file model.cif (mmCIF, C-alpha atoms and all ligand atoms)
data_protein
#
loop_
_atom_site.label_atom_id
_atom_site.label_comp_id
_atom_site.auth_asym_id
_atom_site.auth_seq_id
_atom_site.Cartn_x
_atom_site.Cartn_y
_atom_site.Cartn_z
CA MET A 4 17.16 -21.14 2.57
CA LYS A 5 18.24 -17.50 2.55
CA ALA A 6 16.05 -14.95 4.34
CA ALA A 7 16.32 -11.30 5.41
CA MET A 8 16.03 -11.61 9.17
CA TRP A 9 15.33 -8.66 11.47
CA ARG A 10 16.83 -8.98 14.92
CA GLY A 11 15.97 -5.58 16.37
CA PRO A 12 16.32 -1.89 15.43
CA PHE A 13 18.80 -1.42 12.56
CA LYS A 14 19.73 -5.12 12.62
CA LEU A 15 18.79 -6.77 9.36
CA SER A 16 20.88 -9.41 7.62
CA VAL A 17 20.65 -12.31 5.23
CA GLU A 18 20.68 -15.55 7.22
CA ASP A 19 20.39 -19.24 6.48
CA VAL A 20 17.16 -20.56 8.00
CA PRO A 21 15.09 -23.73 7.60
CA VAL A 22 12.42 -23.80 4.87
CA PRO A 23 9.03 -23.45 6.66
CA LYS A 24 6.62 -26.38 6.73
CA PRO A 25 3.09 -25.51 5.60
CA ARG A 26 0.59 -26.23 8.39
CA GLU A 27 -3.01 -27.25 7.94
CA GLY A 28 -4.72 -24.97 5.45
CA GLU A 29 -1.43 -23.41 4.38
CA VAL A 30 0.68 -23.61 1.25
CA LEU A 31 4.41 -23.30 0.81
CA ILE A 32 5.34 -20.70 -1.79
CA LYS A 33 8.57 -20.34 -3.72
CA THR A 34 9.02 -16.58 -3.57
CA MET A 35 9.27 -14.75 -6.89
CA VAL A 36 8.77 -11.13 -5.91
CA VAL A 37 8.08 -8.96 -2.85
CA GLY A 38 7.25 -5.26 -2.84
CA VAL A 39 9.28 -3.09 -0.47
CA CYS A 40 6.90 -1.19 1.80
CA GLY A 41 7.23 1.86 4.02
CA SER A 42 6.23 -0.27 6.99
CA ASP A 43 9.30 -2.48 6.44
CA LEU A 44 11.35 0.61 7.10
CA GLU A 45 9.33 1.37 10.24
CA VAL A 46 10.01 -2.14 11.52
CA TYR A 47 13.68 -1.95 10.56
CA GLU A 48 14.13 1.24 12.57
CA GLY A 49 12.15 -0.10 15.54
CA LYS A 50 9.29 2.37 15.12
CA PHE A 51 6.59 -0.21 14.40
CA LYS A 52 5.66 -1.18 17.93
CA HIS A 53 3.71 -4.36 17.14
CA ALA A 54 6.65 -6.09 15.44
CA GLN A 55 8.80 -8.34 17.61
CA PRO A 56 12.21 -9.74 16.61
CA PRO A 57 13.37 -12.16 15.38
CA LEU A 58 11.24 -11.78 12.29
CA ILE A 59 11.66 -12.38 8.57
CA LEU A 60 10.29 -9.19 7.01
CA GLY A 61 8.39 -8.76 3.73
CA HIS A 62 4.61 -8.79 3.24
CA GLU A 63 3.78 -7.70 -0.32
CA GLY A 64 4.89 -10.77 -2.19
CA GLY A 65 3.92 -13.73 -4.22
CA GLY A 66 5.33 -16.70 -6.00
CA ILE A 67 4.70 -20.23 -7.14
CA VAL A 68 2.88 -22.75 -4.95
CA GLU A 69 5.36 -25.49 -4.18
CA GLU A 70 3.65 -27.65 -1.56
CA LEU A 71 0.16 -27.97 -0.08
CA GLY A 72 -0.54 -28.41 3.63
CA THR A 73 -3.30 -30.78 4.72
CA GLY A 74 -6.85 -29.75 3.97
CA VAL A 75 -5.95 -27.33 1.18
CA THR A 76 -8.36 -27.32 -1.73
CA GLY A 77 -8.96 -25.01 -4.66
CA ILE A 78 -5.30 -24.31 -5.32
CA SER A 79 -2.69 -26.52 -6.91
CA ARG A 80 1.05 -26.91 -7.08
CA GLY A 81 2.57 -24.64 -9.70
CA SER A 82 -0.08 -21.91 -9.34
CA ARG A 83 1.19 -18.33 -9.58
CA VAL A 84 -0.23 -16.47 -6.59
CA MET A 85 -0.07 -13.12 -4.81
CA VAL A 86 -0.56 -13.29 -1.06
CA GLU A 87 -2.59 -10.97 1.12
CA CYS A 88 -0.63 -10.44 4.32
CA VAL A 89 -3.37 -9.94 6.92
CA LEU A 90 -4.06 -13.23 8.66
CA HIS A 91 -7.74 -13.20 9.51
CA CYS A 92 -9.36 -15.68 11.86
CA GLY A 93 -12.68 -16.03 10.03
CA ARG A 94 -14.58 -16.21 13.32
CA CYS A 95 -14.50 -12.81 15.04
CA GLU A 96 -17.34 -10.33 14.57
CA PHE A 97 -15.38 -8.32 11.97
CA CYS A 98 -14.49 -11.36 9.89
CA ARG A 99 -18.14 -12.35 9.93
CA GLU A 100 -19.02 -8.88 8.63
CA GLY A 101 -16.48 -9.42 5.85
CA ARG A 102 -14.23 -6.68 7.27
CA TYR A 103 -11.08 -8.82 7.38
CA GLY A 104 -8.77 -5.84 7.79
CA LEU A 105 -10.24 -5.33 11.26
CA CYS A 106 -9.82 -8.96 12.35
CA GLU A 107 -8.96 -9.54 16.00
CA SER A 108 -6.36 -12.24 15.22
CA GLY A 109 -3.77 -9.48 15.19
CA LYS A 110 -1.31 -11.30 12.96
CA THR A 111 0.20 -10.08 9.71
CA ILE A 112 2.75 -11.89 7.58
CA GLY A 113 6.14 -10.20 7.81
CA LEU A 114 4.96 -7.62 10.33
CA ILE A 115 3.18 -9.03 13.36
CA GLY A 116 3.57 -12.52 14.75
CA ALA A 117 4.28 -14.34 11.47
CA ASP A 118 7.44 -14.68 9.40
CA GLY A 119 7.46 -12.86 6.09
CA GLU A 120 8.45 -13.14 2.48
CA TYR A 121 11.97 -11.78 2.08
CA ALA A 122 13.05 -15.39 1.84
CA GLU A 123 13.38 -18.06 -0.80
CA TYR A 124 10.21 -19.71 0.53
CA PHE A 125 7.35 -18.69 2.80
CA ALA A 126 4.16 -20.31 4.09
CA ALA A 127 0.73 -18.67 3.95
CA PRO A 128 -2.90 -19.74 4.38
CA ALA A 129 -4.34 -20.89 1.07
CA GLU A 130 -7.27 -18.52 1.57
CA ASN A 131 -4.85 -15.56 1.49
CA CYS A 132 -3.58 -16.59 -1.97
CA TYR A 133 -4.98 -15.03 -5.13
CA ILE A 134 -4.22 -16.43 -8.57
CA LEU A 135 -2.13 -14.00 -10.58
CA PRO A 136 -3.54 -13.58 -14.10
CA GLU A 137 -1.13 -14.87 -16.76
CA GLN A 138 -0.67 -11.47 -18.39
CA ILE A 139 0.68 -9.83 -15.23
CA GLY A 140 4.43 -10.18 -14.77
CA TRP A 141 6.08 -10.60 -11.37
CA GLU A 142 7.55 -7.11 -11.10
CA GLU A 143 4.21 -5.52 -11.76
CA ALA A 144 2.50 -8.02 -9.47
CA ALA A 145 4.57 -6.64 -6.60
CA MET A 146 2.32 -3.56 -6.78
CA THR A 147 -0.83 -5.56 -5.97
CA ASP A 148 -0.77 -4.78 -2.26
CA THR A 149 -0.17 -1.08 -2.87
CA LEU A 150 -3.16 -1.00 -5.20
CA ALA A 151 -5.40 -3.20 -3.04
CA GLY A 152 -5.42 -0.61 -0.22
CA PRO A 153 -6.68 2.34 -2.30
CA ARG A 154 -9.11 0.03 -4.07
CA HIS A 155 -10.61 -0.91 -0.71
CA GLY A 156 -10.53 2.66 0.62
CA LEU A 157 -12.56 4.14 -2.22
CA LYS A 158 -15.43 1.75 -1.53
CA GLY A 159 -16.52 4.06 1.25
CA VAL A 160 -16.45 7.17 -0.96
CA GLU A 161 -19.06 8.44 -3.35
CA VAL A 162 -17.60 9.68 -6.63
CA ASN A 163 -20.01 10.73 -9.33
CA PRO A 164 -19.16 10.93 -13.03
CA GLY A 165 -17.85 14.43 -13.63
CA GLY A 166 -16.82 14.71 -9.99
CA THR A 167 -13.67 16.36 -8.70
CA ALA A 168 -10.97 15.16 -6.32
CA ALA A 169 -7.65 16.12 -4.78
CA VAL A 170 -5.10 13.52 -3.72
CA PHE A 171 -2.46 14.66 -1.24
CA GLY A 172 0.66 12.50 -1.50
CA ALA A 173 2.06 11.18 -4.79
CA GLY A 174 3.56 7.98 -3.49
CA PRO A 175 2.47 4.74 -5.18
CA ALA A 176 -0.82 4.71 -3.24
CA GLY A 177 -1.57 8.33 -4.13
CA LEU A 178 -0.89 7.63 -7.79
CA PHE A 179 -3.20 4.62 -7.69
CA PHE A 180 -5.89 6.77 -6.07
CA CYS A 181 -5.71 9.09 -9.08
CA ALA A 182 -6.12 6.20 -11.50
CA LEU A 183 -9.03 4.73 -9.54
CA LEU A 184 -10.81 8.06 -9.17
CA LYS A 185 -10.58 8.59 -12.92
CA GLU A 186 -11.90 5.10 -13.48
CA ARG A 187 -14.86 5.98 -11.30
CA GLY A 188 -15.61 8.90 -13.60
CA ALA A 189 -13.95 11.88 -11.90
CA SER A 190 -13.35 14.59 -14.48
CA LEU A 191 -10.78 16.63 -12.55
CA VAL A 192 -8.19 15.10 -10.23
CA TYR A 193 -5.41 17.10 -8.58
CA ILE A 194 -2.34 15.48 -7.11
CA VAL A 195 -0.28 17.33 -4.52
CA ASP A 196 3.21 16.47 -3.30
CA ILE A 197 6.59 18.02 -2.58
CA GLN A 198 8.68 15.65 -4.70
CA GLU A 199 9.13 16.43 -8.35
CA HIS A 200 9.86 12.89 -9.57
CA ARG A 201 6.70 11.54 -7.94
CA LEU A 202 4.52 14.35 -9.27
CA GLY A 203 6.01 13.63 -12.68
CA LEU A 204 4.20 10.29 -12.76
CA GLY A 205 0.86 11.92 -11.88
CA PRO A 206 -0.40 12.53 -15.42
CA GLN A 207 0.43 8.94 -16.42
CA PHE A 208 -1.85 7.76 -13.64
CA GLY A 209 -4.70 10.03 -14.58
CA ALA A 210 -4.01 13.19 -12.57
CA ASP A 211 -5.20 16.23 -14.51
CA LEU A 212 -3.10 18.71 -12.57
CA THR A 213 -0.02 18.34 -10.39
CA ILE A 214 0.73 20.81 -7.60
CA HIS A 215 4.08 21.22 -5.87
CA ALA A 216 2.98 22.03 -2.32
CA GLN A 217 6.14 23.96 -1.42
CA ARG A 218 6.39 26.08 -4.51
CA GLU A 219 2.70 26.57 -5.13
CA ASP A 220 -0.34 27.37 -3.05
CA ALA A 221 -2.39 24.17 -3.29
CA VAL A 222 -5.41 25.64 -1.51
CA GLN A 223 -5.57 28.66 -3.80
CA ILE A 224 -5.06 26.64 -6.99
CA ILE A 225 -7.74 24.08 -6.14
CA ARG A 226 -10.24 26.69 -4.98
CA ASP A 227 -9.68 28.76 -8.11
CA GLY A 228 -9.90 25.64 -10.29
CA THR A 229 -13.28 24.71 -8.82
CA SER A 230 -14.78 28.21 -8.86
CA GLY A 231 -14.38 28.47 -5.10
CA ARG A 232 -16.49 25.41 -4.46
CA GLY A 233 -13.80 22.88 -3.62
CA VAL A 234 -13.51 19.24 -4.67
CA ASP A 235 -15.97 16.43 -3.95
CA VAL A 236 -13.34 14.09 -2.57
CA VAL A 237 -10.07 14.66 -0.73
CA VAL A 238 -7.70 11.75 -0.23
CA GLU A 239 -5.02 12.23 2.41
CA ALA A 240 -2.33 9.79 1.30
CA ALA A 241 0.68 11.62 2.73
CA GLY A 242 0.25 11.19 6.48
CA SER A 243 1.07 14.86 6.94
CA GLN A 244 -0.66 17.38 9.18
CA ARG A 245 -0.17 20.07 6.59
CA ALA A 246 -1.69 17.97 3.83
CA LEU A 247 -4.66 17.13 6.02
CA GLY A 248 -5.20 20.79 6.89
CA GLU A 249 -4.97 21.89 3.27
CA GLY A 250 -7.19 19.03 2.19
CA MET A 251 -9.92 20.13 4.55
CA GLN A 252 -9.70 23.64 3.16
CA VAL A 253 -10.38 22.49 -0.38
CA LEU A 254 -13.15 19.99 0.31
CA ARG A 255 -16.59 21.10 -0.79
CA LYS A 256 -19.54 21.08 1.60
CA GLY A 257 -20.91 17.57 1.97
CA GLY A 258 -17.69 16.11 0.57
CA TYR A 259 -15.74 12.96 1.42
CA LEU A 260 -12.44 12.98 3.26
CA LEU A 261 -10.58 9.68 2.97
CA LEU A 262 -7.80 9.13 5.50
CA TYR A 263 -5.22 6.78 4.05
CA GLY A 264 -1.78 8.17 4.95
CA VAL A 265 -0.24 6.95 8.19
CA PHE A 266 0.29 9.71 10.73
CA GLY A 267 3.22 9.12 13.07
CA GLY A 268 1.19 10.35 16.05
CA PRO A 269 -1.58 12.76 17.02
CA VAL A 270 -2.14 15.71 14.69
CA LYS A 271 -3.83 19.02 15.25
CA VAL A 272 -6.93 19.42 13.18
CA ASP A 273 -9.90 21.79 13.26
CA LEU A 274 -12.97 19.55 13.56
CA GLN A 275 -15.50 22.32 13.07
CA PRO A 276 -15.68 22.01 9.25
CA ILE A 277 -16.57 18.32 9.60
CA GLN A 278 -19.66 19.40 11.49
CA PHE A 279 -20.65 22.59 9.67
CA CYS A 280 -19.83 21.33 6.17
CA GLU A 281 -21.24 17.86 6.89
CA TYR A 282 -18.11 16.09 5.74
CA THR A 283 -18.01 12.31 5.62
CA VAL A 284 -14.70 11.13 7.03
CA VAL A 285 -13.69 7.65 5.88
CA GLY A 286 -10.89 5.66 7.47
CA SER A 287 -9.30 2.82 5.57
CA CYS A 288 -6.73 0.14 6.34
CA GLY A 289 -8.14 -2.88 4.50
CA LEU A 290 -7.19 -4.50 1.22
CA ASP A 291 -9.12 -5.68 -1.81
CA TYR A 292 -6.89 -8.10 -3.68
CA PRO A 293 -9.42 -9.47 -6.18
CA ALA A 294 -10.38 -5.97 -7.35
CA ALA A 295 -6.74 -4.90 -7.49
CA LEU A 296 -5.77 -7.86 -9.67
CA GLU A 297 -8.74 -7.28 -11.90
CA PHE A 298 -7.73 -3.61 -12.34
CA MET A 299 -4.13 -4.60 -13.09
CA GLY A 300 -5.25 -7.09 -15.70
CA ARG A 301 -6.88 -4.28 -17.65
CA ARG A 302 -3.54 -2.51 -18.05
CA SER A 303 -5.03 0.97 -18.11
CA VAL A 304 -2.05 2.63 -16.38
CA PRO A 305 1.70 1.99 -16.69
CA ILE A 306 2.13 0.30 -13.30
CA GLU A 307 5.63 -0.92 -14.16
CA ARG A 308 6.87 2.70 -14.17
CA MET A 309 6.38 2.90 -10.41
CA VAL A 310 9.01 0.23 -9.91
CA THR A 311 12.23 2.24 -9.78
CA HIS A 312 14.51 -0.16 -7.89
CA ARG A 313 15.15 -3.91 -7.95
CA PHE A 314 17.05 -5.78 -5.25
CA ASP A 315 18.20 -9.23 -4.27
CA LEU A 316 18.13 -10.00 -0.53
CA GLY A 317 21.63 -8.62 0.07
CA GLY A 318 20.84 -5.52 -1.96
CA LEU A 319 17.72 -4.95 0.09
CA VAL A 320 19.67 -5.05 3.35
CA HIS A 321 22.11 -2.55 1.89
CA ALA A 322 19.31 -0.27 0.72
CA PHE A 323 17.98 -0.15 4.30
CA GLU A 324 21.40 0.28 5.91
CA SER A 325 22.55 3.03 3.57
CA GLY A 326 19.39 5.10 4.14
CA MET A 327 18.65 5.02 0.40
CA ILE A 328 15.05 3.96 0.90
CA ARG A 329 14.42 6.23 3.89
CA GLU A 330 15.69 9.27 2.01
CA GLN A 331 14.16 8.14 -1.28
CA ARG A 332 17.39 8.83 -3.11
CA ASP A 333 18.01 8.17 -6.81
CA GLY A 334 14.39 8.82 -7.81
CA TYR A 335 13.13 6.06 -5.52
CA ILE A 336 9.40 5.43 -5.75
CA LYS A 337 8.94 1.68 -5.22
CA GLY A 338 11.47 -1.07 -4.81
CA VAL A 339 10.91 -4.77 -5.41
CA VAL A 340 12.88 -7.76 -4.23
CA LEU A 341 13.27 -10.39 -6.94
CA LEU A 342 14.22 -13.90 -5.93
ZN ZN B 401 2.95 -2.85 2.85
ZN ZN B 402 -11.28 -12.34 12.60
#

call {"tool": "encode", "arguments": {"input": "model.cif", "output": "structure tokens"}}
result
Amino acid sequence: MKAAMWRGPFKLSVEDVPVPKPREGEVLIKTMVVGVCGSDLEVYEGKFKHAQPPLILGHEGGGIVEELGTGVTGISRGSRVMVECVLHCGRCEFCREGRYGLCESGKTIGLIGADGEYAEYFAAPAENCYILPEQIGWEEAAMTDTLAGPRHGLKGVEVNPGGTAAVFGAGPAGLFFCALLKERGASLVYIVDIQEHRLGLGPQFGADLTIHAQREDAVQIIRDGTSGRGVDVVVEAAGSQRALGEGMQVLRKGGYLLLYGVFGGPVKVDLQPIQFCEYTVVGSCGLDYPAALEFMGRRSVPIERMVTHRFDLGGLVHAFESGMIREQRDGYIKGVVLL
């Protein structure tokens, strides 16, 4: 079968490899779609330290169950499934607390210690497979992972009806945060970014006001818009020191700060407000697939508009090599690989 194989920094190519055999508890899936993720780019460039070549990349995919390994129950051949990439052991203390994202197994499909989904077939544990509702098409389904993260993250945040929020970063996750905050009853949601085409999608995902952080003063606008009080919830979904700093300046006393963006390294931040304003800081790296699929099935936001680029395996390699994805050229928001 064809697969996009990573053999070290900047070395990605389509290779012919054997179709994997599903082991006990696993299923073999005929790949239909895989979302292209920022962490693929990190791996490609050698910046994601936990990834070791050779590795088939791709971890936001799904497809049709083709073959069952021994001991698999509750799923049948021909099922349409989306696959959660974190391989949890089910035995460590975090798994037993139901916090699978913190599992000690340390393996993730397409990222750490397990081959991924940019391939005609891939194997995954049956327990990582979630049935895709009939009304959700494959392209849209590729957004499940991107939605499952914000859906999980907001569990730790209190949002009251009529509440206010500011989301820093208008990437796909930031846009989903807007939609989910509105669903939770927020009456005023700001979205802040420096890219016009991303901000442009904000209103379609529920943002009430978009702020261009380079041309406008986000802190001033949000303070003025909340009568100096600040917002109840700040979501940092940009992974930027500046966004974090501005976010903390517009958070009301007693508010929630959700850290979702990935910072490349240590950042400088004034901790004093966390103490004196009694902020609750929430970290989040887990996923909630069932809730994400349920949200998608309701079709309350135009998820398909986030998908700006479609690739086959060769096209994906080219998109990495040419820097198109890194530089987010041609209005790039989210790419999907269709097989
Ligand atoms: Zn991802
Ligand atoms: Zn575990």

call {"tool": "atom_distance", "arguments": {"input": "model.cif", "atom1": "atom CA of Gly188 of chain A", "atom2": "atom CA of Glu161 of chain A"}}
result
10.8 Å

call {"tool": "residues_around", "arguments": {"input": "model.cif", "residues": "Gly101 of chain A", "least_positions_apart": "4", "cutoff": "12 Å", "atoms": "all atoms listed in the file", "output": "list in words"}}
result
His91, Cys92, Gly93, Arg94, Cys95, Glu96, Phe97, Leu105, Cys106, Gly289, Leu290 and Asp291 of chain A

call {"tool": "residues_around", "arguments": {"input": "model.cif", "residues": "Glu45 of chain A", "least_positions_apart": "5", "cutoff": "12 Å", "atoms": "all atoms listed in the file", "output": "MDAnalysis selection string"}}
result
chainID A and resid 9 11:13 39:40 50:54 60 114 265 267 323 328:329

call {"tool": "write_last_selection", "arguments": {"input": "model.cif", "atoms": "C-alpha atoms", "output": "short mmCIF file (atom, residue, chain, number, x, y, z; two decimals), in the frame of the given file"}}
result
data_model
loop_
_atom_site.label_atom_id
_atom_site.label_comp_id
_atom_site.auth_asym_id
_atom_site.auth_seq_id
_atom_site.Cartn_x
_atom_site.Cartn_y
_atom_site.Cartn_z
CA TRP A 9 15.33 -8.66 11.47
CA GLY A 11 15.97 -5.58 16.37
CA PRO A 12 16.32 -1.89 15.43
CA PHE A 13 18.80 -1.42 12.56
CA VAL A 39 9.28 -3.09 -0.47
CA CYS A 40 6.90 -1.19 1.80
CA LYS A 50 9.29 2.37 15.12
CA PHE A 51 6.59 -0.21 14.40
CA LYS A 52 5.66 -1.18 17.93
CA HIS A 53 3.71 -4.36 17.14
CA ALA A 54 6.65 -6.09 15.44
CA LEU A 60 10.29 -9.19 7.01
CA LEU A 114 4.96 -7.62 10.33
CA VAL A 265 -0.24 6.95 8.19
CA GLY A 267 3.22 9.12 13.07
CA PHE A 323 17.98 -0.15 4.30
CA ILE A 328 15.05 3.96 0.90
CA ARG A 329 14.42 6.23 3.89
#

call {"tool": "residues_around", "arguments": {"input": "model.cif", "residues": "segment 244-248 of chain A", "least_positions_apart": "3", "cutoff": "12 Å", "atoms": "all atoms listed in the file", "output": "PDB file with C-alpha atoms, in the coordinates of the input"}}
result
ATOM      1  CA  ALA A 169      -7.650  16.120  -4.780  1.00  0.00           C
ATOM      2  CA  VAL A 170      -5.100  13.520  -3.720  1.00  0.00           C
ATOM      3  CA  PHE A 171      -2.460  14.660  -1.240  1.00  0.00           C
ATOM      4  CA  GLY A 172       0.660  12.500  -1.500  1.00  0.00           C
ATOM      5  CA  ALA A 173       2.060  11.180  -4.790  1.00  0.00           C
ATOM      6  CA  ILE A 194      -2.340  15.480  -7.110  1.00  0.00           C
ATOM      7  CA  VAL A 195      -0.280  17.330  -4.520  1.00  0.00           C
ATOM      8  CA  ASP A 196       3.210  16.470  -3.300  1.00  0.00           C
ATOM      9  CA  ILE A 197       6.590  18.020  -2.580  1.00  0.00           C
ATOM     10  CA  HIS A 215       4.080  21.220  -5.870  1.00  0.00           C
ATOM     11  CA  ALA A 216       2.980  22.030  -2.320  1.00  0.00           C
ATOM     12  CA  GLN A 217       6.140  23.960  -1.420  1.00  0.00           C
ATOM     13  CA  ASP A 220      -0.340  27.370  -3.050  1.00  0.00           C
ATOM     14  CA  ALA A 221      -2.390  24.170  -3.290  1.00  0.00           C
ATOM     15  CA  VAL A 222      -5.410  25.640  -1.510  1.00  0.00           C
ATOM     16  CA  VAL A 237     -10.070  14.660  -0.730  1.00  0.00           C
ATOM     17  CA  VAL A 238      -7.700  11.750  -0.230  1.00  0.00           C
ATOM     18  CA  GLU A 239      -5.020  12.230   2.410  1.00  0.00           C
ATOM     19  CA  ALA A 240      -2.330   9.790   1.300  1.00  0.00           C
ATOM     20  CA  ALA A 241       0.680  11.620   2.730  1.00  0.00           C
ATOM     21  CA  MET A 251      -9.920  20.130   4.550  1.00  0.00           C
ATOM     22  CA  GLN A 252      -9.700  23.640   3.160  1.00  0.00           C
ATOM     23  CA  VAL A 253     -10.380  22.490  -0.380  1.00  0.00           C
ATOM     24  CA  LEU A 254     -13.150  19.990   0.310  1.00  0.00           C
ATOM     25  CA  LEU A 260     -12.440  12.980   3.260  1.00  0.00           C
ATOM     26  CA  LEU A 261     -10.580   9.680   2.970  1.00  0.00           C
ATOM     27  CA  LEU A 262      -7.800   9.130   5.500  1.00  0.00           C
ATOM     28  CA  TYR A 263      -5.220   6.780   4.050  1.00  0.00           C
ATOM     29  CA  GLY A 264      -1.780   8.170   4.950  1.00  0.00           C
ATOM     30  CA  VAL A 265      -0.240   6.950   8.190  1.00  0.00           C
ATOM     31  CA  PHE A 266       0.290   9.710  10.730  1.00  0.00           C
ATOM     32  CA  GLY A 267       3.220   9.120  13.070  1.00  0.00           C
ATOM     33  CA  GLY A 268       1.190  10.350  16.050  1.00  0.00           C
ATOM     34  CA  PRO A 269      -1.580  12.760  17.020  1.00  0.00           C
ATOM     35  CA  VAL A 270      -2.140  15.710  14.690  1.00  0.00           C
ATOM     36  CA  LYS A 271      -3.830  19.020  15.250  1.00  0.00           C
ATOM     37  CA  VAL A 272      -6.930  19.420  13.180  1.00  0.00           C
ATOM     38  CA  ASP A 273      -9.900  21.790  13.260  1.00  0.00           C
ATOM     39  CA  LEU A 274     -12.970  19.550  13.560  1.00  0.00           C
ATOM     40  CA  PRO A 276     -15.680  22.010   9.250  1.00  0.00           C
ATOM     41  CA  ILE A 277     -16.570  18.320   9.600  1.00  0.00           C
ATOM     42  CA  VAL A 284     -14.700  11.130   7.030  1.00  0.00           C
TER      43      VAL A 284
END

call {"tool": "residues_around", "arguments": {"input": "model.cif", "residues": "Val339 of chain A", "least_positions_apart": "4", "cutoff": "12 Å", "atoms": "only C-alpha atoms", "output": "PyMOL selection string"}}
result
chain A and resi 35-40+61-65+120-121+141-147+149+307+309-316+318-319+322+328+335

call {"tool": "residues_around", "arguments": {"input": "model.cif", "residues": "Leu150 of chain A", "least_positions_apart": "5", "cutoff": "8 Å", "atoms": "only C-alpha atoms", "output": "ChimeraX atom specification"}}
result
/A:176,179,295

call {"tool": "residues_near_point", "arguments": {"input": "model.cif", "point": "(5.3, -27.8, 1.5)", "cutoff": "6 Å", "atoms": "only C-alpha atoms", "output": "number ranges by chain"}}
result
A: 24-25, 31, 70-71

call {"tool": "closest_residue", "arguments": {"input": "model.cif", "among": "A:Gly242, A:Gly165, A:Gly257, A:Gly116", "to": "Thr283 of chain A", "atoms": "only C-alpha atoms"}}
result
A:Gly257

call {"tool": "closest_residue", "arguments": {"input": "model.cif", "among": "A:Ile32, A:Ser82, A:Thr111, A:Ile67", "to": "ligand ZN 401 (chain B)", "atoms": "all atoms listed in the file"}}
result
A:Thr111

call {"tool": "closest_residue", "arguments": {"input": "model.cif", "among": "A:Ile336, A:Val320, A:Leu296, A:Val22", "to": "Ala151 of chain A", "atoms": "all atoms listed in the file"}}
result
A:Leu296

call {"tool": "atom_distance", "arguments": {"input": "model.cif", "atom1": "atom CA of Leu58 of chain A", "atom2": "atom CA of Glu130 of chain A"}}
result
22.4 Å

call {"tool": "axis_aligned_box", "arguments": {"input": "model.cif", "around": "segment 206-224 of chain A", "padding_each_side": "8 Å", "output": "lines of an AutoDock Vina configuration file"}}
result
center_x = 0.4
center_y = 18.2
center_z = -8.9
size_x = 28.0
size_y = 36.9
size_z = 31.0

call {"tool": "closest_residue", "arguments": {"input": "model.cif", "among": "A:Glu69, A:Glu107, A:Asp19, A:Asp148", "to": "Ala294 of chain A", "atoms": "only C-alpha atoms"}}
result
A:Asp148

call {"tool": "atom_distance", "arguments": {"input": "model.cif", "atom1": "atom CA of Val30 of chain A", "atom2": "atom CA of Ala129 of chain A"}}
result
5.7 Å

call {"tool": "closest_residue", "arguments": {"input": "model.cif", "among": "A:Met8, A:Leu90, A:Ile214, A:Val84", "to": "ligand ZN 402 (chain B)", "atoms": "all atoms listed in the file"}}
result
A:Leu90

call {"tool": "closest_residue", "arguments": {"input": "model.cif", "among": "A:Cys280, A:Met299, A:Arg232, A:Asp43", "to": "ligand ZN 401 (chain B)", "atoms": "only C-alpha atoms and all ligand atoms"}}
result
A:Asp43
